[in-house]
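Shown below: coords-v9.csv, with CSV, C-alpha atoms and all ligand atoms.
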chain,number,residue,atom,x,y,z
A,1,MET,CA,26.4,-81.9,-81.2
A,2,ARG,CA,22.9,-80.8,-82.2
A,3,ILE,CA,22.4,-81.0,-85.9
A,4,GLY,CA,19.5,-79.6,-87.8
A,5,VAL,CA,18.8,-80.9,-91.4
A,6,ALA,CA,17.1,-78.5,-93.7
A,7,GLY,CA,16.6,-78.0,-97.5
A,8,LYS,CA,14.0,-78.0,-100.2
A,9,GLY,CA,11.3,-80.6,-100.4
A,10,GLY,CA,12.6,-83.9,-101.5
A,11,ALA,CA,16.2,-82.8,-101.4
A,12,GLY,CA,17.2,-85.8,-99.3
A,13,LYS,CA,17.0,-84.4,-95.7
A,14,THR,CA,15.5,-87.5,-94.2
A,15,THR,CA,17.8,-89.9,-96.1
A,16,VAL,CA,20.8,-87.9,-94.8
A,17,ALA,CA,19.5,-87.5,-91.3
A,18,ALA,CA,18.6,-91.2,-90.8
A,19,THR,CA,21.8,-92.6,-92.3
A,20,MET,CA,23.9,-90.1,-90.3
A,21,ALA,CA,22.1,-91.0,-87.1
A,22,ARG,CA,23.0,-94.7,-87.3
A,23,LEU,CA,26.6,-94.0,-88.5
A,24,PHE,CA,27.1,-91.7,-85.5
A,25,ALA,CA,25.7,-94.4,-83.2
A,26,ARG,CA,28.0,-97.0,-84.8
A,27,ARG,CA,30.9,-94.8,-83.8
A,28,GLY,CA,29.8,-95.0,-80.1
A,29,PHE,CA,27.8,-91.8,-79.8
A,30,ASP,CA,24.5,-91.6,-77.9
A,31,VAL,CA,22.2,-90.5,-80.7
A,32,ASN,CA,18.8,-88.8,-80.5
A,33,ALA,CA,16.8,-88.8,-83.8
A,34,LEU,CA,14.1,-86.1,-83.6
A,35,ASP,CA,11.5,-85.9,-86.3
A,36,GLY,CA,10.4,-82.3,-86.7
A,37,ASP,CA,8.4,-82.9,-89.8
A,38,PRO,CA,4.6,-83.1,-89.1
A,39,ASN,CA,4.5,-85.4,-92.2
A,40,PRO,CA,7.0,-87.7,-90.5
A,41,ASN,CA,9.2,-90.5,-92.0
A,42,PHE,CA,12.4,-90.3,-90.1
A,43,ALA,CA,11.5,-93.6,-88.2
A,44,SER,CA,11.0,-95.7,-91.4
A,45,ALA,CA,14.2,-94.2,-93.0
A,46,LEU,CA,16.0,-95.2,-89.8
A,47,GLY,CA,14.8,-98.8,-90.1
A,48,LEU,CA,12.1,-99.0,-87.4
A,49,GLY,CA,9.5,-101.6,-88.2
A,50,ALA,CA,5.9,-100.6,-89.1
A,51,GLY,CA,4.5,-101.6,-85.7
A,52,GLU,CA,7.0,-99.6,-83.8
A,53,THR,CA,6.6,-96.6,-86.1
A,54,ALA,CA,2.8,-96.7,-85.7
A,55,ARG,CA,3.2,-96.6,-81.9
A,56,LEU,CA,5.3,-93.4,-81.8
A,57,THR,CA,3.4,-90.5,-80.3
A,58,ARG,CA,4.3,-86.9,-80.4
A,59,VAL,CA,6.4,-85.7,-77.4
A,60,PRO,CA,4.3,-83.1,-75.5
A,61,ARG,CA,5.8,-80.3,-73.5
A,62,GLU,CA,3.6,-81.0,-70.5
A,63,GLY,CA,5.2,-83.6,-68.2
A,64,VAL,CA,8.4,-83.6,-70.2
A,65,MET,CA,9.9,-80.1,-69.7
A,66,GLU,CA,9.6,-77.5,-67.1
A,67,GLU,CA,11.1,-74.1,-66.4
A,68,ARG,CA,12.9,-73.8,-63.0
A,69,ILE,CA,14.0,-70.6,-61.4
A,70,GLY,CA,17.5,-70.6,-59.9
A,71,PRO,CA,18.8,-68.9,-56.8
A,72,GLY,CA,19.6,-65.7,-58.8
A,73,ASP,CA,16.1,-65.6,-60.3
A,74,GLU,CA,17.4,-67.0,-63.6
A,75,ALA,CA,15.0,-69.3,-65.5
A,76,SER,CA,16.3,-72.5,-67.1
A,77,LEU,CA,14.6,-75.4,-68.8
A,78,HIS,CA,14.9,-79.0,-67.6
A,79,LEU,CA,13.6,-82.4,-68.5
A,80,THR,CA,11.2,-83.5,-65.8
A,81,ARG,CA,12.3,-87.2,-66.2
A,82,PRO,CA,15.3,-89.0,-67.7
A,83,LEU,CA,15.5,-89.0,-71.5
A,84,ASP,CA,15.3,-92.8,-71.7
A,85,GLU,CA,12.0,-92.7,-69.8
A,86,ILE,CA,10.7,-90.2,-72.3
A,87,VAL,CA,11.8,-92.5,-75.1
A,88,ARG,CA,10.1,-95.5,-73.5
A,89,THR,CA,6.8,-93.5,-73.1
A,90,TYR,CA,6.6,-91.7,-76.5
A,91,GLY,CA,9.4,-93.0,-78.7
A,92,ALA,CA,11.4,-96.1,-79.6
A,93,ILE,CA,14.9,-97.4,-79.7
A,94,GLY,CA,15.8,-97.9,-83.3
A,95,PRO,CA,18.5,-99.9,-85.0
A,96,ASP,CA,22.1,-99.3,-83.6
A,97,GLY,CA,20.5,-98.0,-80.4
A,98,VAL,CA,19.3,-94.7,-81.9
A,99,ARG,CA,16.6,-93.0,-79.8
A,100,MET,CA,13.7,-92.0,-82.0
A,101,LEU,CA,11.2,-89.3,-81.0
A,102,THR,CA,8.4,-87.7,-83.0
A,103,MET,CA,8.3,-84.0,-82.1
A,104,THR,CA,5.5,-82.6,-84.2
A,105,GLY,CA,2.2,-83.7,-85.6
A,106,LEU,CA,-0.8,-82.1,-87.3
A,107,LEU,CA,-3.9,-81.6,-85.0
A,108,GLY,CA,-6.3,-82.8,-87.8
A,109,ALA,CA,-7.9,-81.5,-90.9
A,110,GLY,CA,-9.0,-77.9,-90.3
A,111,LYS,CA,-7.8,-78.0,-86.7
A,112,GLY,CA,-5.4,-75.0,-87.0
A,113,CYS,CA,-1.7,-74.4,-86.8
A,114,ILE,CA,1.0,-76.1,-84.8
A,115,CYS,CA,3.1,-73.0,-83.8
A,116,GLY,CA,3.4,-74.2,-80.2
A,117,GLN,CA,5.1,-77.3,-81.3
A,118,HIS,CA,7.9,-75.4,-83.1
A,119,GLY,CA,8.7,-73.7,-79.8
A,120,MET,CA,8.6,-77.0,-78.0
A,121,VAL,CA,11.1,-78.5,-80.4
A,122,ARG,CA,13.5,-75.5,-80.0
A,123,GLU,CA,13.3,-75.8,-76.2
A,124,PHE,CA,13.7,-79.6,-76.3
A,125,VAL,CA,16.9,-79.4,-78.5
A,126,ASP,CA,18.3,-76.7,-76.3
A,127,THR,CA,17.6,-78.7,-73.1
A,128,LEU,CA,19.3,-81.8,-74.6
A,129,GLY,CA,22.3,-79.7,-75.2
A,130,THR,CA,22.4,-78.8,-71.5
A,131,VAL,CA,21.5,-82.1,-69.9
A,132,ARG,CA,23.2,-84.4,-72.4
A,133,PRO,CA,26.0,-82.4,-73.9
A,134,ASP,CA,27.9,-85.4,-75.3
A,135,ASP,CA,24.9,-86.8,-77.3
A,136,VAL,CA,24.5,-86.3,-81.0
A,137,THR,CA,21.0,-85.0,-81.6
A,138,ILE,CA,19.7,-84.9,-85.2
A,139,LEU,CA,16.6,-82.9,-86.0
A,140,ASP,CA,15.0,-83.6,-89.3
A,141,THR,CA,12.8,-80.7,-90.6
A,142,GLU,CA,9.9,-80.2,-92.9
A,143,ALA,CA,10.2,-78.8,-96.4
A,144,SER,CA,9.5,-75.2,-95.5
A,145,LEU,CA,11.3,-72.2,-94.4
A,146,GLU,CA,9.0,-72.0,-91.4
A,147,HIS,CA,11.4,-73.9,-89.2
A,148,MET,CA,13.7,-70.9,-89.8
A,149,SER,CA,11.1,-68.2,-89.3
A,150,ARG,CA,9.8,-69.9,-86.2
A,151,ALA,CA,13.4,-70.7,-85.1
A,152,THR,CA,12.5,-74.3,-84.7
A,153,VAL,CA,16.2,-75.0,-85.5
A,154,GLY,CA,17.3,-72.0,-83.4
A,155,THR,CA,19.1,-74.1,-80.8
A,156,VAL,CA,21.1,-76.4,-83.0
A,157,ASP,CA,24.8,-75.8,-83.2
A,158,THR,CA,25.1,-77.2,-86.7
A,159,LEU,CA,22.8,-76.8,-89.7
A,160,LEU,CA,23.1,-79.0,-92.8
A,161,ILE,CA,21.3,-77.6,-95.8
A,162,VAL,CA,20.7,-80.5,-98.3
A,163,VAL,CA,20.7,-79.2,-101.8
A,164,GLU,CA,20.2,-80.9,-105.2
A,165,PRO,CA,21.8,-79.6,-108.4
A,166,TYR,CA,18.7,-77.8,-109.5
A,167,PHE,CA,18.1,-74.1,-109.6
A,168,ARG,CA,15.1,-74.1,-107.2
A,169,ALA,CA,16.9,-76.2,-104.6
A,170,LEU,CA,19.8,-73.8,-104.9
A,171,GLN,CA,17.4,-70.9,-104.4
A,172,THR,CA,16.3,-72.6,-101.2
A,173,LEU,CA,19.9,-72.8,-100.0
A,174,GLY,CA,20.2,-69.1,-100.9
A,175,ARG,CA,17.2,-68.2,-98.7
A,176,THR,CA,18.1,-70.5,-95.8
A,177,VAL,CA,21.7,-69.3,-95.3
A,178,PRO,CA,20.9,-65.7,-94.4
A,179,LEU,CA,18.1,-66.9,-92.0
A,180,ALA,CA,20.6,-69.3,-90.4
A,181,ARG,CA,23.0,-66.4,-89.9
A,182,GLU,CA,20.2,-64.3,-88.3
A,183,LEU,CA,19.5,-67.2,-86.0
A,184,GLU,CA,23.2,-67.2,-85.2
A,185,ILE,CA,23.6,-70.9,-85.9
A,186,PRO,CA,27.4,-71.2,-85.5
A,187,ASN,CA,28.1,-74.1,-88.0
A,188,VAL,CA,26.3,-74.0,-91.3
A,189,TYR,CA,27.1,-76.4,-94.2
A,190,ALA,CA,25.6,-77.3,-97.5
A,191,VAL,CA,25.3,-81.0,-98.4
A,192,ALA,CA,25.2,-81.7,-102.1
A,193,ASN,CA,22.9,-84.6,-102.9
A,194,LYS,CA,21.8,-86.5,-106.0
A,195,VAL,CA,25.0,-85.4,-107.7
A,196,ARG,CA,25.4,-87.1,-111.2
A,197,SER,CA,28.2,-85.1,-112.9
A,198,ASP,CA,31.1,-82.7,-112.6
A,199,TRP,CA,28.7,-80.0,-113.7
A,200,ASP,CA,26.5,-80.7,-110.7
A,201,THR,CA,29.5,-80.6,-108.4
A,202,THR,CA,30.7,-77.3,-109.8
A,203,THR,CA,27.3,-75.7,-109.9
A,204,ILE,CA,26.6,-76.4,-106.2
A,205,ARG,CA,30.1,-75.5,-105.1
A,206,GLU,CA,30.1,-72.2,-106.9
A,207,TYR,CA,26.7,-71.3,-105.5
A,208,ALA,CA,27.7,-72.3,-102.0
A,209,ASP,CA,31.0,-70.3,-102.4
A,210,ARG,CA,29.1,-67.2,-103.3
A,211,LEU,CA,27.0,-67.6,-100.1
A,212,GLY,CA,30.2,-68.2,-98.1
A,213,VAL,CA,29.0,-71.7,-97.1
A,214,GLU,CA,31.3,-74.7,-97.0
A,215,VAL,CA,30.1,-77.9,-98.8
A,216,LEU,CA,30.5,-80.6,-96.1
A,217,GLY,CA,30.2,-83.4,-98.7
A,218,GLU,CA,28.6,-84.7,-101.8
A,219,VAL,CA,26.3,-87.7,-102.1
A,220,PRO,CA,26.0,-89.1,-105.6
A,221,TYR,CA,22.7,-89.9,-107.2
A,222,ASP,CA,22.4,-93.5,-106.2
A,223,GLU,CA,19.8,-96.1,-107.3
A,224,ALA,CA,20.3,-97.8,-103.9
A,225,VAL,CA,18.6,-94.9,-102.1
A,226,ALA,CA,15.5,-95.2,-104.4
A,227,LYS,CA,15.5,-99.0,-104.0
A,228,ALA,CA,15.6,-98.7,-100.2
A,229,ASP,CA,12.8,-96.2,-100.3
A,230,ARG,CA,10.7,-98.4,-102.6
A,231,GLU,CA,11.2,-101.4,-100.2
A,232,ASN,CA,10.5,-99.1,-97.2
A,233,ARG,CA,13.9,-100.2,-95.7
A,234,SER,CA,16.6,-98.1,-94.2
A,235,LEU,CA,19.4,-97.4,-96.8
A,236,LEU,CA,21.9,-98.8,-94.3
A,237,ASP,CA,20.1,-102.1,-94.0
A,238,SER,CA,19.3,-102.3,-97.7
A,239,GLU,CA,22.6,-101.3,-99.3
A,240,PRO,CA,25.2,-100.8,-96.6
A,241,GLY,CA,28.1,-100.5,-99.1
A,242,SER,CA,26.4,-98.2,-101.5
A,243,PRO,CA,28.1,-95.0,-102.8
A,244,ALA,CA,25.5,-92.9,-101.0
A,245,VAL,CA,26.2,-94.6,-97.6
A,246,GLN,CA,30.0,-94.1,-98.2
A,247,ALA,CA,29.5,-90.4,-98.9
A,248,ILE,CA,27.4,-89.9,-95.8
A,249,ASP,CA,29.9,-91.9,-93.7
A,250,ALA,CA,32.6,-89.5,-94.9
A,251,MET,CA,30.5,-86.5,-93.8
A,252,VAL,CA,30.1,-88.0,-90.3
A,253,ASP,CA,33.9,-88.3,-90.1
A,254,ALA,CA,34.2,-84.7,-91.4
A,255,LEU,CA,31.7,-83.4,-88.7
A,256,ILE,CA,33.5,-85.3,-85.9
A,257,ALA,CA,36.8,-83.8,-87.0
A,258,LYS,CA,35.5,-80.3,-87.0
A,259,PRO,CA,35.6,-78.1,-83.9
A,260,VAL,CA,31.9,-77.4,-82.9
A,261,ARG,CA,31.5,-73.7,-82.4
A,262,ASP,CA,29.0,-72.5,-79.8
A,263,ALA,CA,26.7,-69.5,-80.2
A,264,THR,CA,29.4,-67.1,-79.3
A,265,GLY,CA,31.6,-68.4,-82.2
A,266,GLU,CA,34.0,-70.0,-79.7
A,267,ALA,CA,35.4,-73.3,-80.9
A,268,ARG,CA,34.7,-76.1,-78.4
A,269,THR,CA,36.5,-79.4,-78.5
A,270,SER,CA,35.6,-81.6,-81.5
A,271,ALA,CA,32.9,-84.1,-81.1
A,272,SER,CA,35.4,-87.0,-81.3
A,273,THR,CA,36.1,-86.5,-77.5
A,274,ALA,CA,32.4,-87.3,-76.7
A,275,ALA,CA,32.3,-90.8,-78.2
A,276,ARG,CA,32.2,-93.6,-75.7
B,1,LIG,N1,21.3,-89.6,-103.3
B,1,LIG,C1,20.1,-90.0,-103.7
B,1,LIG,N2,20.0,-90.8,-104.9
B,1,LIG,C2,18.8,-91.2,-105.4
B,1,LIG,N3,17.7,-90.9,-104.8
B,1,LIG,C3,17.7,-90.2,-103.6
B,1,LIG,C4,18.9,-89.7,-103.1
B,1,LIG,N4,18.6,-89.0,-101.9
B,1,LIG,C5,17.3,-89.0,-101.8
B,1,LIG,N5,16.7,-89.7,-102.8
B,1,LIG,C6,15.3,-89.9,-103.1
B,1,LIG,O1,14.6,-88.7,-103.1
B,1,LIG,C7,13.4,-88.7,-102.5
B,1,LIG,C8,13.3,-87.7,-101.3
B,1,LIG,O2,14.3,-88.1,-100.3
B,1,LIG,P1,14.0,-87.8,-98.8
B,1,LIG,O3,12.7,-88.3,-98.3
B,1,LIG,O4,15.2,-88.1,-98.0
B,1,LIG,O5,14.0,-86.2,-98.9
B,1,LIG,P2,13.4,-85.1,-97.9
B,1,LIG,O6,14.2,-83.8,-98.2
B,1,LIG,O7,13.4,-85.6,-96.5
B,1,LIG,O8,11.9,-84.9,-98.4
B,1,LIG,P3,10.7,-84.1,-97.7
B,1,LIG,O9,10.9,-82.7,-98.1
B,1,LIG,O10,9.5,-84.7,-98.3
B,1,LIG,O11,10.8,-84.4,-96.2
B,1,LIG,C9,13.2,-90.1,-102.0
B,1,LIG,O12,12.4,-90.8,-103.0
B,1,LIG,C10,14.6,-90.7,-101.9
B,1,LIG,O13,14.6,-92.1,-102.2
B,2,MG,MG,11.9,-85.7,-95.1
Can you dump the structure from the file as structure tokens?
Amino acid sequence: MRIGVAGKGGAGKTTVAATMARLFARRGFDVNALDGDPNPNFASALGLGAGETARLTRVPREGVMEERIGPGDEASLHLTRPLDEIVRTYGAIGPDGVRMLTMTGLLGAGKGCICGQHGMVREFVDTLGTVRPDDVTILDTEASLEHMSRATVGTVDTLLIVVEPYFRALQTLGRTVPLARELEIPNVYAVANKVRSDWDTTTIREYADRLGVEVLGEVPYDEAVAKADRENRSLLDSEPGSPAVQAIDAMVDALIAKPVRDATGEARTSASTAAR
């Protein structure tokens, strides 16, 4: 399963991505946590220490991926070395054995755009789907629709759009869904976050209904998330029994139970068959 996590700035993308990554790993999946935000904080939300986080370096395309031409002249992308070696070189193994890789990074003040990195992320996620089809790969994205317009998330099979019960966050959901359809992402869900009332639930569900998008689950507004963030700890280490963790845990179960559709819309087996 290749999951992209999108949504408005501050909606809770990284919180959901990091907590899900570890909860998938605890169920026996090989998990790849890819930070696609050039202002990265997936690693600290995952629970990596400050030293390990500081040593993470952006995964380059050169020396990591190459295009090979097959006997029928067809081109395909490959990793030039095993994923674990790539992780040893650029990334880190986080808590619960999650592989952490930083995929994007700014070039410096006034040093120009990072368009090429978006293409690299798209290709890397695609390649993981081919060479490690049973892994769960979770791509955290930046707060922008650019990862949609540049198709950075174009090779995920599942897109989670995290949404808060505020009009502007809902507007972002409304703009993201049609782009996800244009990219032909086969499984698109909304994730309601920071929910405090029945009104919040109803507002998000009605908005998602109008867009024809299923709400995968609801995460309550939870002081435990803010506390973990204040302490720079992973939510799972800080408050493992918190309502937010329980809600994200239920969403992991829901994803595992669902058939993962591929780009043709064909339902493949559910992810549950891939766990070790
Ligand atoms: N369910 C929740 N309850 C309370 N606070 C939350 C919840 N989810 C996220 N937060 C808080 O909201 C803020 C943003 O969360 P997070 O960093 O996960 O969002 P993001 O969408 O990844 O942000 P960005 O767009 O900057 O990448 C953080 O301070 C976090 O602690
Ligand atoms: Mg984030």
Taking the point (14.7, -73.2, -67.6) as given in the file, collect each protein or nucleic acid residue that comes within 9 Å of it, counting only C-alpha atoms, and present the set as a list in words. Met65, Glu66, Glu67, Arg68, Ile69, Gly70, Glu74, Ala75, Ser76, Leu77, His78 and Thr127 of chain A
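As for CA of Leu145 in chain A and CA of Arg168 in chain A, they are spaced 13.5 Å apart.
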Contact residues around Leu83 in chain A with only C-alpha atoms at 10 Å, ignoring same-chain residues under 2 positions, as a list of chain:residue names: A:Asn32, A:Val64, A:Leu79, A:Thr80, A:Arg81, A:Glu85, A:Ile86, A:Val87, A:Arg88, A:Thr89, A:Arg99, A:Leu128, A:Val131, A:Arg132
Keeping C-alpha atoms for every residue in the selection just given, could you write it to a file as a compact mmCIF listing (two decimals), in the frame of the given file?
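File result_23.txt, as written:
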# COMPACT_ATOMS: atom_id res chain seq x y z
CA ASN A 32 18.80 -88.80 -80.50
CA VAL A 64 8.40 -83.60 -70.20
CA LEU A 79 13.60 -82.40 -68.50
CA THR A 80 11.20 -83.50 -65.80
CA ARG A 81 12.30 -87.20 -66.20
CA GLU A 85 12.00 -92.70 -69.80
CA ILE A 86 10.70 -90.20 -72.30
CA VAL A 87 11.80 -92.50 -75.10
CA ARG A 88 10.10 -95.50 -73.50
CA THR A 89 6.80 -93.50 -73.10
CA ARG A 99 16.60 -93.00 -79.80
CA LEU A 128 19.30 -81.80 -74.60
CA VAL A 131 21.50 -82.10 -69.90
CA ARG A 132 23.20 -84.40 -72.40
Per residue of chain A within 10 Å of ligand LIG 1 (chain B), note the shortest atom pair and the distance in Å to one decimal, counting only C-alpha atoms and all ligand atoms, and order the rows by chain and increasing residue number, as CSV.
residue,atom,partner,partner_atom,distance
A:Val5,CA,B:LIG1,O6,8.7
A:Ala6,CA,B:LIG1,O6,7.5
A:Gly7,CA,B:LIG1,O6,6.3
A:Lys8,CA,B:LIG1,O9,6.0
A:Gly9,CA,B:LIG1,O9,3.1
A:Gly10,CA,B:LIG1,O8,3.3
A:Ala11,CA,B:LIG1,O6,3.9
A:Gly12,CA,B:LIG1,O5,3.2
A:Lys13,CA,B:LIG1,O6,3.8
A:Thr14,CA,B:LIG1,O7,3.6
A:Thr15,CA,B:LIG1,O4,3.7
A:Val16,CA,B:LIG1,O4,6.5
A:Ala17,CA,B:LIG1,O4,8.0
A:Ala18,CA,B:LIG1,O4,8.5
A:Thr19,CA,B:LIG1,O4,9.8
A:Gly36,CA,B:LIG1,O11,9.7
A:Asp37,CA,B:LIG1,O11,7.0
A:Pro38,CA,B:LIG1,O11,9.5
A:Asn39,CA,B:LIG1,O11,7.5
A:Pro40,CA,B:LIG1,O11,7.6
A:Asn41,CA,B:LIG1,O3,7.5
A:Phe42,CA,B:LIG1,O7,8.0
A:Ala45,CA,B:LIG1,O4,8.0
A:Asp140,CA,B:LIG1,O7,7.6
A:Thr141,CA,B:LIG1,O11,7.0
A:Glu142,CA,B:LIG1,O11,5.4
A:Ala143,CA,B:LIG1,O9,4.3
A:Ser144,CA,B:LIG1,O9,8.1
A:Ile161,CA,B:LIG1,O6,9.7
A:Val162,CA,B:LIG1,O6,7.3
A:Val163,CA,B:LIG1,O6,8.7
A:Glu164,CA,B:LIG1,N4,8.9
A:Ala192,CA,B:LIG1,N1,8.9
A:Asn193,CA,B:LIG1,N1,5.3
A:Lys194,CA,B:LIG1,N1,4.1
A:Val195,CA,B:LIG1,N1,7.1
A:Arg196,CA,B:LIG1,N2,9.1
A:Glu218,CA,B:LIG1,N1,8.9
A:Val219,CA,B:LIG1,N1,5.5
A:Pro220,CA,B:LIG1,N1,5.3
A:Tyr221,CA,B:LIG1,N2,3.7
A:Asp222,CA,B:LIG1,N2,3.8
A:Glu223,CA,B:LIG1,C2,5.3
A:Ala224,CA,B:LIG1,C2,6.9
A:Val225,CA,B:LIG1,O13,4.9
A:Ala226,CA,B:LIG1,O13,3.9
A:Lys227,CA,B:LIG1,O13,7.2
A:Ala228,CA,B:LIG1,O13,7.0
A:Asp229,CA,B:LIG1,O13,4.9
A:Arg230,CA,B:LIG1,O13,7.4
A:Asn232,CA,B:LIG1,O13,9.5
A:Leu235,CA,B:LIG1,O13,9.0
A:Pro243,CA,B:LIG1,N1,8.7
A:Ala244,CA,B:LIG1,N1,5.8
A:Val245,CA,B:LIG1,N1,9.0
A:Ala247,CA,B:LIG1,N1,9.3
A:Ile248,CA,B:LIG1,N1,9.7
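Candidate residues A:Arg27, A:Leu183, A:Leu170, A:Ser238 were compared for distance to Arg205 in chain A, and the nearest is A:Leu170, using all atoms listed in the file.
Using only C-alpha atoms and all ligand atoms for every distance, the candidate list A:Ala169, A:Met251, A:Ile3, A:Ala43 yields A:Ala43 as the residue closest to ligand MG 2 (chain B).
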Mind listing whatever residues come within 7 Å of the point (29.7, -77.8, -79.9)? Use all atoms listed in the file, file coordinates, and give them as a list of chain:residue names. A:Met1, A:Asp157, A:Val260, A:Arg261, A:Asp262, A:Arg268
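Minimum atom-to-atom distances from A:Gly4, A:Gly47, A:Gly72, A:Pro95 to Arg26 in chain A were compared using only C-alpha atoms, and the lowest value belongs to A:Pro95.
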How many Å separate CA of Gly241 in chain A from CA of Gly49 in chain A? 21.6 Å
Between A:Pro186, A:His118, A:Val98, A:Leu139, smallest distance to ligand MG 2 (chain B) by only C-alpha atoms and all ligand atoms belongs to A:Leu139
Could range 62-73 of chain A be completed with N, CA and C atoms and written as a compact mmCIF listing (two decimals), in the coordinates of the input, please?
# COMPACT_ATOMS: atom_id res chain seq x y z
N GLU A 62 4.10 -80.71 -71.82
CA GLU A 62 3.60 -81.00 -70.50
C GLU A 62 4.13 -82.31 -69.98
N GLY A 63 4.68 -82.30 -68.81
CA GLY A 63 5.20 -83.60 -68.20
C GLY A 63 6.50 -84.00 -68.74
N VAL A 64 7.08 -83.22 -69.64
CA VAL A 64 8.40 -83.60 -70.20
C VAL A 64 9.43 -82.51 -69.91
N MET A 65 8.99 -81.24 -70.01
CA MET A 65 9.90 -80.10 -69.70
C MET A 65 9.29 -79.16 -68.79
N GLU A 66 10.14 -78.54 -67.98
CA GLU A 66 9.60 -77.50 -67.10
C GLU A 66 10.69 -76.41 -66.94
N GLU A 67 10.21 -75.22 -66.62
CA GLU A 67 11.10 -74.10 -66.40
C GLU A 67 11.36 -74.06 -64.86
N ARG A 68 12.62 -73.94 -64.47
CA ARG A 68 12.90 -73.80 -63.00
C ARG A 68 13.63 -72.46 -62.83
N ILE A 69 13.34 -71.86 -61.68
CA ILE A 69 14.00 -70.60 -61.40
C ILE A 69 15.10 -70.83 -60.37
N GLY A 70 16.30 -70.38 -60.74
CA GLY A 70 17.50 -70.60 -59.90
C GLY A 70 17.57 -69.59 -58.78
N PRO A 71 18.60 -69.73 -57.94
CA PRO A 71 18.80 -68.90 -56.80
C PRO A 71 18.88 -67.38 -57.16
N GLY A 72 19.46 -67.11 -58.32
CA GLY A 72 19.60 -65.70 -58.80
C GLY A 72 18.44 -65.27 -59.63
N ASP A 73 17.32 -65.95 -59.51
CA ASP A 73 16.10 -65.60 -60.30
C ASP A 73 16.21 -65.94 -61.76
